[in-house]
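See structure below.
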Amino acid sequence: MADGTHSLWYEFKKGLWQDIPPFRLVLGTCPTLAVTNSVINGISMGLATLFVLLGSNIIISAVRRYVAPQVRIAAYVVIIALLVTVADMFLAAKFPAISKALGPYVPLIVVNCIILGRAEAFAQKNPVLPSIMDALGIGIGFTLSLATMGSIRELLGFGSLLKFKILPGAWFEPWIVMILPAGAFLVFGTLIALVNYISAKKAAGTETH
C-alpha cells in the first residue's frame with residue numbers, strides 16, 4: 001500500500017516540475033505563447049486543458065484493452081475532440097468574454113501535443129488511478145505555467161493583475177511589448193532558462209551529497 005501511494009504521488013508531482021509541459025517538455029507552446037497576455041486567460045486555458053486531459057486519460061485508460069492497435073490514435077482523437085467540444089461549449093455558455101478572448105485556441109486543444117502525448121505515453125499503458133494522477137499533475141503544472149506567464153506579461157504590459165491595478169501609472173510606463181507576441185517569446189525563453197538553471201543546481205546539489 002505504501003509503495004502504491006508513493007507511486008501515485010510520484011505520478012502527480014512529476015508534472016509540477018520534472019515534466020512540467022511548457023518549460024521542461026516544451027509541449028503546448030502554442031497556447032502558452034498565444035493566450036498568456038493576462039492571468040485570467042492563462043488560467044482559463046490551463047483549466048480547459050486540465051479538464052480534457054483528465055477526461056481523456058480516464059476514458060483511454062479504461063478502454064485501452066478494447067481498442068485495436070490499428071485504430072488506437074484515431075479513437076483517442078475522437079475521445080479528445082468530444083471533451084474539447086464540451087469544454088468549448090461550456091466556456092461559450094457560461095463565460096462568453098473568456099471564450100471570445102481565447103478564440104480558436106480552445107478548439108485547438110484537440111491537437112495539443114500534451115493531451116495526445118499523455119494518452120499515448122501513459123494512459124494507454126496504465127490503470128485508471130495512476131492515469132488520473134498523471135493527468136492532474138501535468139494539467140496543474142500546465143495551468144501554473146500559463147498563470148505564471150500571464151502574471152508577468154499582464155503586470156509588465158498593463159501594470160495590473162486580474163485587472164486590479166498594481167503598478168500606478170504615475171510612475172510606471174507599461175511595457176507594451178509584453179502583451180505582443182515578442183513579449184510572449186521573451187518571457188517564455190526567460191522562464192525556460194530559469195527552470196533549467198534551477199534544475200541544474202538541484203542536480204548538482206544531489207550529486208554533491
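Following the order of the C-alpha cells, chains are lettered A, B, ..., residues in each are numbered from 1, and ligands are numbered from 1.
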For this session: Please identify all polymer residues within 12 Å of segment 111-116 of chain A, counting only C-alpha atoms, omitting same-chain residues fewer than 5 positions from it, and present them as JSON, numbers by chain.
Result: {"A": [15, 19, 20, 21, 22, 25, 26, 27, 28, 29, 30, 31, 32, 45, 46, 48, 49, 50, 51, 52, 53, 54, 55, 56, 57, 58, 60, 72, 73, 74, 75, 76, 77, 78, 79, 80, 81, 83, 84, 104, 105, 106, 121, 122, 123, 124, 134, 135, 136, 138, 139, 141, 142]}
For this session: Would you please extract all alpha helix (DSSP H) residues from segment 8-192 of chain A, as assigned by DSSP on the backbone, and give them as a ChimeraX atom specification?
Result: /A:8-13,29-34,39-63,72-94,96-102,113-121,128-158,181-192
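For the pair atom CA of Ala34 of chain A and atom CA of Gly169 of chain A, the separation is 25.9 Å.
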For this session: For atom CA of Ile152 of chain A and atom CA of Leu91 of chain A, quote the distance in Å rounded to one decimal.
Result: 24.4 Å
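A straight line drawn from atom CA of Ile140 of chain A to atom CA of Val71 of chain A is 29.6 Å long.
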Exercise. For Phe95 of chain A, which residue among A:Asn41, A:Val128, A:Gly159, A:Val63 is the nearest when counting only C-alpha atoms?
Worked result: A:Asn41
For this session: Pick out the closest residue to Leu129 of chain A from this set: A:Ala193, A:Val35, A:Ile43, A:Ala62. Count only C-alpha atoms.
Result: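 Going through A:Ala193, A:Val35, A:Ile43, A:Ala62 one by one, the smallest distance to Leu129 of chain A is for A:Ala62.
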For this session: Pick out the closest residue to Met133 of chain A from this set: A:Leu180, A:Lys165, A:Arg118, A:Ile192. Count only C-alpha atoms.
Result: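 The closest residue to Met133 of chain A is A:Arg118.
Minimum atom-to-atom distance to Ile176 of chain A, evaluated using only C-alpha atoms, belongs to A:Leu155 out of A:Leu47, A:Leu102, A:Val86, A:Leu155.
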Exercise. For Val187 of chain A, which of A:Val67, A:Leu146, A:Ala93, A:Leu82 is the closest residue, counting only C-alpha atoms?
Worked result: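 For Val187 of chain A, the nearest of the given residues is A:Leu146.
Distance annotation: of A:Pro168, A:Leu108, A:Ala68, A:Leu162, the residue with the minimal separation from Thr85 of chain A is A:Leu108; atom set is only C-alpha atoms.
Looking only at chain A, the set that DSSP places in strand (DSSP E) from backbone geometry is Ser160, Leu161, Phe164 and Lys165 of chain A.
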With N, CA and C atoms kept, could you save the residues just selected as a PDB file, in the first residue's frame?
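What follows is the written file again.pdb:
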```pdb
ATOM      1  N   SER A 160      -1.156  45.613 -14.088  1.00  0.00           N
ATOM      2  CA  SER A 160      -2.245  45.079 -13.271  1.00  0.00           C
ATOM      3  C   SER A 160      -2.134  43.562 -13.168  1.00  0.00           C
ATOM      4  N   LEU A 161      -2.893  42.998 -12.218  1.00  0.00           N
ATOM      5  CA  LEU A 161      -3.062  41.556 -12.091  1.00  0.00           C
ATOM      6  C   LEU A 161      -4.540  41.280 -11.898  1.00  0.00           C
ATOM      7  N   PHE A 164      -6.738  44.229 -11.578  1.00  0.00           N
ATOM      8  CA  PHE A 164      -6.564  45.150 -10.455  1.00  0.00           C
ATOM      9  C   PHE A 164      -5.244  45.877 -10.629  1.00  0.00           C
ATOM     10  N   LYS A 165      -5.279  47.198 -10.596  1.00  0.00           N
ATOM     11  CA  LYS A 165      -4.080  47.996 -10.835  1.00  0.00           C
ATOM     12  C   LYS A 165      -3.074  47.768  -9.715  1.00  0.00           C
TER      13      LYS A 165
END
```
